[in-house]
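**Q** What follows is a single structure, and I will ask about it in a moment.
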Amino acid sequence: MKDKSENRICQNCKSQFSIESEDFDFYKKLNVPPPTWCPECRSVRKMTFINVRSLYKRVCGNCNESMVSMYHPDVAFPVWCIKCHLSDTWDATDCGKDYDFTRTFFEQFKELKLTVPHRTLDQNERNGAGCEYSNLCYSSDDIYLSFDVIGCERIKYSHHVLKRNKNCMDCMIIKANDRGYELVQASENYNSSFLVESSQCIDSHFLYDCTNCVNCCMSSNIRNKSFVFRSQQLTKEEYKVAIQSLDLDKYSGQVRAKDEFKQIAKEAIHKYANIKNCINTVGDFLENSKNLYHCYGQAADSENVKYAFLGGGSSKDSQDLIFTGRIEECYEFTLGGRGGSRLLFSLSCGGGCKNIFYCNYCMGCSDCFGCINLSKKQYCIFNKQYTKEEYFDLIEKIKIHMNTMPYVDQKGLPYPYGECFPTEISPFAYNETMAFEEHPLSKSEIISLGYKWKDIELKSYNATIKGDEIADSIHDITNSICNEIIECPNQGSVETQCTSAYKILPDEFLFYKQLNLPIPRYCPNCRYHDRLIWKNLFHFYKRQCMCDLPNHTHQGKCEVEFETLYAPNRPEKVYCEKCYQAEVI
């Protein structure tokens with residue numbers, strides 16, 4: 001007989017959440033207890049272990065060479081450069097330790113982390129040259145200050161860049177674009193800039209929710225069009241005159257165009273969610289999948305997944321995922337995949353791992369519990385090798401011990417078997433992590449909730465030029481701009497992690513010239529935070545369609561209800577699928 005759905009109280013935030021009957025089936029299948037934290041608190045907890053964009057200079061703990069790292073120099077465990085960490089001159093089992101039943105599991109796990117060398121950046125061995133300043137970067141070439149990049153080339157200042165992107169700059173959540181600038185949640189576009197939620201567009205600029213458009217500008221909700229300007233159809237000659245009037249080669253013209261575009265997007269019709277070719281699905285930016293619930297950006301070809309954020313696709317029969325792909329039967333898993341199965345309460349494990357519990361940065365491993373940075377190992381606990389019989393006998397005893405002697409955090413919350421890693425053992429401060437972006441809090445709120453805070457480091461750059469001293473048009477600027485240190489107007493703003501100053505690289509300057517774009521006046525971090533206005537936070541709301549148009553099938557206001565990432569206090573007109581299609585498609 002199936003368990004019935006239950007309402008429970010989150011032990012962290014004290015709010016009520018539901019566990020459905022199919023969830024109980026899932027937990028039984030994986031032999032894990034039901035969660036005691038609500039889905040949102042579970043998500044935040046995992047995000048506090050993901051430092052995507054905070055980088056520091058430090059030296060390798062093995063070869064003493066200077067390197068860029070996601071770990072601040074004050075982090076206690078050893079950090080090695082990628083070359084040293086990938087070498088076969090060391091073995092993480094040398095750090096193995098016996099399990100101590102007189103102490104809590106997480107206390108011992110934290111001590112193990114202090115002894116095992118960690119890779120300076122989360123990168124794999126298949127990256128080409130020019131990726132030294134990028135984190136979460138895999139199988140890519142020439143990636144600079146870009147993060148969560150998979151199978152791409154020549155990318156700068158961008159975030160969550162899925163496969164087949166090249167020659168893109170200042171973009172976020174993109175797939176298969178070429179020569180793109182300031183693209184957000186966009187795919188398969190070419191030689192275009194300032195496209196939001198648009199796809200298959202060529203030589204187009206400042207478009208919101210447009211598809212298969214060529215030479216279009218300042219428009220929204222259009223399909224299969226050419227030479228459309230401010231939503232008006234023009235001839236080729238008229239369009240050329242119109243777009244020249246925007247002065248997009250000038251920074252002043254770009255600023256005016258961006259302000260106008262924000263108003264265009266605000267007044268556009270917004271579909272409650274972007275879901276293509278999906279069955280029984282609740283989420284946003286999903287395609288070719290079925291039975292997904294509260295998932296965002298899970299790419300494609302996934303099935304039976306709940307509570308997943310920005311995945312690479314091809315996930316099945318799994319729950320509570322962040323930045324994962326090609327996995328099956330996983331739970332509370334963050335960062336990784338590549339053919340993995342039964343990855344539970346683990347972080348950044350891949351290469352076909354299976355049946356692993358509470359592991360960090362393991363590759364190609366199976367049947368491991370509480371291990372860190374192992375490669376192609378089996379039957380290990382705390383990095384110590386056991387026989388098959390010893391392993392399975394010991395992990396059952398450890399699970400019982402985790403329940404009878406759970407770790408208790410500073411807030412008094414217990415962590416028995418079935419709870420993911422406590423935020424307290426994360427090497428990162430809250431404001432260094434993805435949690436700070438998806439669940440923004442003030443410094444005082446962060447500290448009051450028991451999280452760590454790291455004050456932004458004051459940069460000692462001596463700017464040689466201010467933004468208002470740069471020529472307005474890109475045509476009036478020479479490559480000597482690459483010798484300048486440009487002052488950012490936000491001057492170290494905490495909210496945007498401002499770097500105070502920045503430089504224009506030679507190939508970056510050539511990119512601006514080729515795309516007829518002005519030199520930016522803010523540092524990459526400030527530009528990134530300005531781009532975040534186009535992305536909803538990862539929180540779902542129950543809402544009703546806002547359509548009240550008389551020419552639709554409903555009388556008066558449409559009564560269709562849905563779940564969406566658009567918060568009720570947002571100004572956009574949010575329509576259900578049917579009303580949206582009646583107006584846009």
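By order of appearance in the structure tokens: chains A, B, ..., then residues from 1 within every chain, and ligands from 1 in the order shown.
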Could I get the residues of range 402-492 of chain A with an atom no further than 6 Å from an atom of range 31-53 of chain A, each paired with its nearest atom pair and that distance in Å to one decimal, using only C-alpha atoms, sorted by chain and residue number, as a Markdown table?
**A**
```
| residue | atom | partner | partner_atom | distance |
| --- | --- | --- | --- | --- |
| A:Gly418 | CA | A:Pro33 | CA | 5.8 |
| A:Ser426 | CA | A:Phe49 | CA | 5.5 |
| A:Tyr430 | CA | A:Thr48 | CA | 5.9 |
| A:Glu432 | CA | A:Asn51 | CA | 5.7 |
| A:Thr433 | CA | A:Asn51 | CA | 4.3 |
| A:Met434 | CA | A:Met47 | CA | 5.3 |
| A:Ala435 | CA | A:Met47 | CA | 4.9 |
```
**Q** Quick one: everything within 12 Å of Ala567 in chain A, counting only C-alpha atoms, minus sequence neighbours fewer than 5 positions away in the same chain. Send it as a short mmCIF file (atom, residue, chain, number, x, y, z; two decimals) with C-alpha atoms, in the first residue's frame.
**A**
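File selection12.cif, as written:
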```cif
data_model
loop_
_atom_site.label_atom_id
_atom_site.label_comp_id
_atom_site.auth_asym_id
_atom_site.auth_seq_id
_atom_site.Cartn_x
_atom_site.Cartn_y
_atom_site.Cartn_z
CA TYR A 272 4.16 31.82 -17.32
CA LYS A 535 16.32 36.14 -14.50
CA ASN A 536 13.69 35.17 -11.93
CA LEU A 537 14.85 33.76 -8.62
CA PHE A 538 14.42 30.03 -8.05
CA HIS A 539 11.11 30.12 -6.19
CA PHE A 540 7.73 29.04 -7.53
CA TYR A 541 4.45 30.91 -6.97
CA LYS A 542 0.87 29.87 -7.58
CA ARG A 543 -0.79 32.51 -9.74
CA GLN A 544 -3.72 33.12 -12.08
CA GLU A 572 4.91 41.88 -16.10
CA LYS A 573 1.73 40.62 -17.77
CA VAL A 574 1.93 36.87 -17.18
#
```
**Q** Within 7 Å of range 383-401 of chain A, which residues of range 28-101 of chain A come that close, and what is the closest atom pair and distance in Å for each? Count only C-alpha atoms and give it as CSV.
**A**
```
residue,atom,partner,partner_atom,distance
A:Ala92,CA,A:Asn383,CA,6.7
A:Thr93,CA,A:Asn383,CA,4.9
A:Cys95,CA,A:Asn383,CA,6.5
A:Gly96,CA,A:Asn383,CA,4.2
A:Lys97,CA,A:Lys384,CA,5.9
A:Phe101,CA,A:His401,CA,7.0
```
**Q** Please provide the set of residues having any atom within 10 Å of range 223-228 of chain A, restricted to only C-alpha atoms, with same-chain residues fewer than 2 positions apart removed, written as a count of residues only.
**A** 35
**Q** Looking at A:Asn291, A:Ser318, A:Thr496, A:Asn483, which one is nearest to Glu437 in chain A, with distances taken over only C-alpha atoms?
**A** A:Thr496
**Q** Can you work out the spacing between CA of Leu292 in chain A and CA of Asn165 in chain A in Å, to one decimal?
**A**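 Going from CA of Leu292 in chain A over to CA of Asn165 in chain A, I get 26.2 Å.
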**Q** By how many Å are CA of Phe106 in chain A and CA of Tyr138 in chain A apart?
**A** 29.6 Å
**Q** Report as a PyMOL selection string all protein, DNA and RNA residues lying within 9 Å of His294 in chain A, evaluated on only C-alpha atoms, omitting residues in the same chain fewer than 4 positions from it.
**A** chain A and resi 281-284+305-309+538-540+563
**Q** Report, in Å to a single decimal, how far apart CA of Val196 in chain A and CA of Thr553 in chain A are.
**A**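 These two atoms are separated by 29.5 Å.
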**Q** Do you know which residues are at most 9 Å from Val116 in chain A counting only C-alpha atoms, after dropping those on the same chain fewer than 6 positions away, and could you put them as an mmCIF file with N, CA and C atoms, in the first residue's frame?
**A**
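And here is the file that came out, out07.cif:
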```cif
data_model
loop_
_atom_site.group_PDB
_atom_site.id
_atom_site.type_symbol
_atom_site.label_atom_id
_atom_site.label_comp_id
_atom_site.auth_asym_id
_atom_site.auth_seq_id
_atom_site.Cartn_x
_atom_site.Cartn_y
_atom_site.Cartn_z
ATOM 1 N N PHE A 77 42.449 23.821 4.346
ATOM 2 C CA PHE A 77 42.946 22.596 3.715
ATOM 3 C C PHE A 77 43.909 22.917 2.573
ATOM 4 N N PRO A 78 44.750 21.952 2.166
ATOM 5 C CA PRO A 78 45.706 22.192 1.073
ATOM 6 C C PRO A 78 44.984 22.355 -0.269
ATOM 7 N N VAL A 79 45.447 23.316 -1.058
ATOM 8 C CA VAL A 79 44.877 23.580 -2.380
ATOM 9 C C VAL A 79 46.005 23.509 -3.399
ATOM 10 N N ALA A 92 44.856 9.988 -2.963
ATOM 11 C CA ALA A 92 44.062 10.511 -1.846
ATOM 12 C C ALA A 92 43.815 9.462 -0.767
ATOM 13 N N ASP A 94 46.051 7.959 0.684
ATOM 14 C CA ASP A 94 47.108 8.164 1.687
ATOM 15 C C ASP A 94 46.588 8.980 2.872
ATOM 16 N N CYS A 95 45.487 9.700 2.663
ATOM 17 C CA CYS A 95 44.882 10.493 3.741
ATOM 18 C C CYS A 95 43.793 9.718 4.484
ATOM 19 N N ILE A 372 36.800 11.862 -0.178
ATOM 20 C CA ILE A 372 37.136 13.140 -0.799
ATOM 21 C C ILE A 372 38.267 12.943 -1.799
ATOM 22 N N ASN A 373 38.037 13.400 -3.029
ATOM 23 C CA ASN A 373 39.057 13.448 -4.071
ATOM 24 C C ASN A 373 39.641 12.080 -4.434
#
```
**Q** I'd like the contact shell of range 156-164 of chain A - 7 Å cut-off, only C-alpha atoms, skipping same-chain residues fewer than 4 positions apart - returned as a VMD selection string.
**A** chain A and resid 143 to 152 168 to 177 524
**Q** Quick one: write out the picked residues with N, CA and C atoms as an mmCIF file, in the first residue's frame?
**A**
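File selection_9.cif, as written:
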```
data_model
loop_
_atom_site.group_PDB
_atom_site.id
_atom_site.type_symbol
_atom_site.label_atom_id
_atom_site.label_comp_id
_atom_site.auth_asym_id
_atom_site.auth_seq_id
_atom_site.Cartn_x
_atom_site.Cartn_y
_atom_site.Cartn_z
ATOM 1 N N ILE A 143 38.454 30.271 -22.234
ATOM 2 C CA ILE A 143 37.332 30.730 -21.405
ATOM 3 C C ILE A 143 37.893 31.657 -20.334
ATOM 4 N N TYR A 144 37.419 32.901 -20.300
ATOM 5 C CA TYR A 144 37.991 33.890 -19.390
ATOM 6 C C TYR A 144 36.902 34.495 -18.501
ATOM 7 N N LEU A 145 37.110 34.414 -17.196
ATOM 8 C CA LEU A 145 36.164 34.949 -16.217
ATOM 9 C C LEU A 145 34.721 34.563 -16.570
ATOM 10 N N SER A 146 34.568 33.296 -16.888
ATOM 11 C CA SER A 146 33.262 32.732 -17.173
ATOM 12 C C SER A 146 33.092 31.477 -16.334
ATOM 13 N N PHE A 147 31.846 31.134 -16.030
ATOM 14 C CA PHE A 147 31.610 30.143 -14.995
ATOM 15 C C PHE A 147 30.477 29.201 -15.390
ATOM 16 N N ASP A 148 30.657 27.937 -15.020
ATOM 17 C CA ASP A 148 29.720 26.885 -15.405
ATOM 18 C C ASP A 148 29.628 26.818 -16.927
ATOM 19 N N VAL A 149 30.740 26.443 -17.535
ATOM 20 C CA VAL A 149 30.881 26.407 -18.994
ATOM 21 C C VAL A 149 31.171 24.970 -19.425
ATOM 22 N N ILE A 150 30.428 24.481 -20.412
ATOM 23 C CA ILE A 150 30.579 23.100 -20.864
ATOM 24 C C ILE A 150 30.673 23.074 -22.391
ATOM 25 N N GLY A 151 31.777 22.584 -22.913
ATOM 26 C CA GLY A 151 31.908 22.367 -24.350
ATOM 27 C C GLY A 151 31.797 23.620 -25.192
ATOM 28 N N CYS A 152 32.497 24.684 -24.816
ATOM 29 C CA CYS A 152 32.409 25.961 -25.542
ATOM 30 C C CYS A 152 33.810 26.500 -25.822
ATOM 31 N N CYS A 168 31.316 34.470 -27.552
ATOM 32 C CA CYS A 168 30.256 35.163 -26.813
ATOM 33 C C CYS A 168 30.836 35.884 -25.598
ATOM 34 N N MET A 169 30.199 37.004 -25.261
ATOM 35 C CA MET A 169 30.692 37.815 -24.155
ATOM 36 C C MET A 169 29.514 38.408 -23.375
ATOM 37 N N ASP A 170 29.661 38.455 -22.061
ATOM 38 C CA ASP A 170 28.634 39.033 -21.195
ATOM 39 C C ASP A 170 27.270 38.370 -21.420
ATOM 40 N N CYS A 171 27.250 37.062 -21.322
ATOM 41 C CA CYS A 171 26.014 36.307 -21.549
ATOM 42 C C CYS A 171 25.679 35.460 -20.323
ATOM 43 N N MET A 172 24.437 34.980 -20.281
ATOM 44 C CA MET A 172 23.998 34.191 -19.136
ATOM 45 C C MET A 172 22.929 33.186 -19.569
ATOM 46 N N ILE A 173 23.168 31.939 -19.251
ATOM 47 C CA ILE A 173 22.259 30.833 -19.546
ATOM 48 C C ILE A 173 22.000 30.776 -21.054
ATOM 49 N N ILE A 174 23.005 30.318 -21.798
ATOM 50 C CA ILE A 174 22.916 30.299 -23.259
ATOM 51 C C ILE A 174 23.325 28.937 -23.803
ATOM 52 N N LYS A 175 22.878 28.655 -25.013
ATOM 53 C CA LYS A 175 23.204 27.390 -25.667
ATOM 54 C C LYS A 175 23.311 27.595 -27.175
ATOM 55 N N ALA A 176 24.409 27.140 -27.749
ATOM 56 C CA ALA A 176 24.605 27.088 -29.204
ATOM 57 C C ALA A 176 24.478 28.450 -29.881
ATOM 58 N N ASN A 177 25.094 29.470 -29.313
ATOM 59 C CA ASN A 177 25.137 30.797 -29.927
ATOM 60 C C ASN A 177 26.535 31.072 -30.480
ATOM 61 N N PRO A 524 33.286 43.745 -15.133
ATOM 62 C CA PRO A 524 32.506 42.545 -15.458
ATOM 63 C C PRO A 524 31.543 42.107 -14.362
#
```
**Q** Contacts of Phe109 in chain A at 10 Å or less, counting only C-alpha atoms, minus same-chain residues fewer than 6 places along, as JSON, numbers by chain?
**A** {"A": [97, 99, 358, 359, 370, 371, 372, 382, 421, 425]}
**Q** Can you check which residues of range 52-270 of chain A DSSP gives as helix (DSSP H, G or I) on the backbone and send them as an mmCIF file with C-alpha atoms, in the first residue's frame?
**A**
```cif
data_model
loop_
_atom_site.group_PDB
_atom_site.id
_atom_site.type_symbol
_atom_site.label_atom_id
_atom_site.label_comp_id
_atom_site.auth_asym_id
_atom_site.auth_seq_id
_atom_site.Cartn_x
_atom_site.Cartn_y
_atom_site.Cartn_z
ATOM 1 C CA ILE A 82 45.217 21.754 -11.635
ATOM 2 C CA LYS A 83 48.429 20.282 -13.060
ATOM 3 C CA CYS A 84 49.601 18.984 -9.684
ATOM 4 C CA HIS A 85 46.162 17.755 -8.714
ATOM 5 C CA LEU A 86 45.732 15.809 -11.962
ATOM 6 C CA ALA A 92 44.062 10.511 -1.846
ATOM 7 C CA THR A 93 43.864 7.151 -0.036
ATOM 8 C CA ASP A 94 47.108 8.164 1.687
ATOM 9 C CA CYS A 95 44.882 10.493 3.741
ATOM 10 C CA PHE A 105 30.267 11.679 11.195
ATOM 11 C CA PHE A 106 30.356 15.298 9.971
ATOM 12 C CA GLU A 107 32.955 16.275 12.564
ATOM 13 C CA GLN A 108 35.250 13.557 11.241
ATOM 14 C CA PHE A 109 34.456 14.402 7.620
ATOM 15 C CA LYS A 110 35.477 18.001 8.207
ATOM 16 C CA GLU A 111 38.814 16.837 9.639
ATOM 17 C CA LEU A 112 39.392 14.608 6.616
ATOM 18 C CA LYS A 113 38.855 17.624 4.344
ATOM 19 C CA LYS A 236 15.283 46.733 -45.789
ATOM 20 C CA GLU A 237 16.240 50.352 -46.551
ATOM 21 C CA GLU A 238 13.935 51.771 -43.867
ATOM 22 C CA TYR A 239 15.311 49.323 -41.301
ATOM 23 C CA LYS A 240 18.887 50.334 -42.068
ATOM 24 C CA VAL A 241 18.060 53.991 -41.445
ATOM 25 C CA ALA A 242 16.108 53.153 -38.267
ATOM 26 C CA ILE A 243 18.826 51.097 -36.629
ATOM 27 C CA GLN A 244 21.477 53.670 -37.498
ATOM 28 C CA TYR A 251 27.947 54.110 -25.350
ATOM 29 C CA SER A 252 25.385 56.919 -24.967
ATOM 30 C CA GLY A 253 23.267 55.301 -27.684
ATOM 31 C CA GLN A 254 23.551 51.886 -26.055
ATOM 32 C CA VAL A 255 22.423 53.280 -22.693
ATOM 33 C CA ARG A 256 19.343 54.899 -24.274
ATOM 34 C CA ALA A 257 18.566 51.683 -26.151
ATOM 35 C CA LYS A 258 18.877 49.574 -22.985
ATOM 36 C CA ASP A 259 16.455 51.859 -21.134
ATOM 37 C CA GLU A 260 13.955 51.658 -23.977
ATOM 38 C CA PHE A 261 14.378 47.892 -24.213
ATOM 39 C CA LYS A 262 13.623 47.388 -20.523
ATOM 40 C CA GLN A 263 10.313 49.161 -21.019
ATOM 41 C CA ILE A 264 9.561 47.090 -24.137
ATOM 42 C CA ALA A 265 10.193 43.868 -22.227
ATOM 43 C CA LYS A 266 8.121 45.072 -19.277
ATOM 44 C CA GLU A 267 5.116 45.742 -21.541
#
```
**Q** Among range 428-490 of chain A, which residues does DSSP mark as strand (DSSP E or B) when it is run on the backbone? Keep the chain and numbering as in the structure and answer as number ranges by chain.
**A** A: 465-466, 473, 486-487
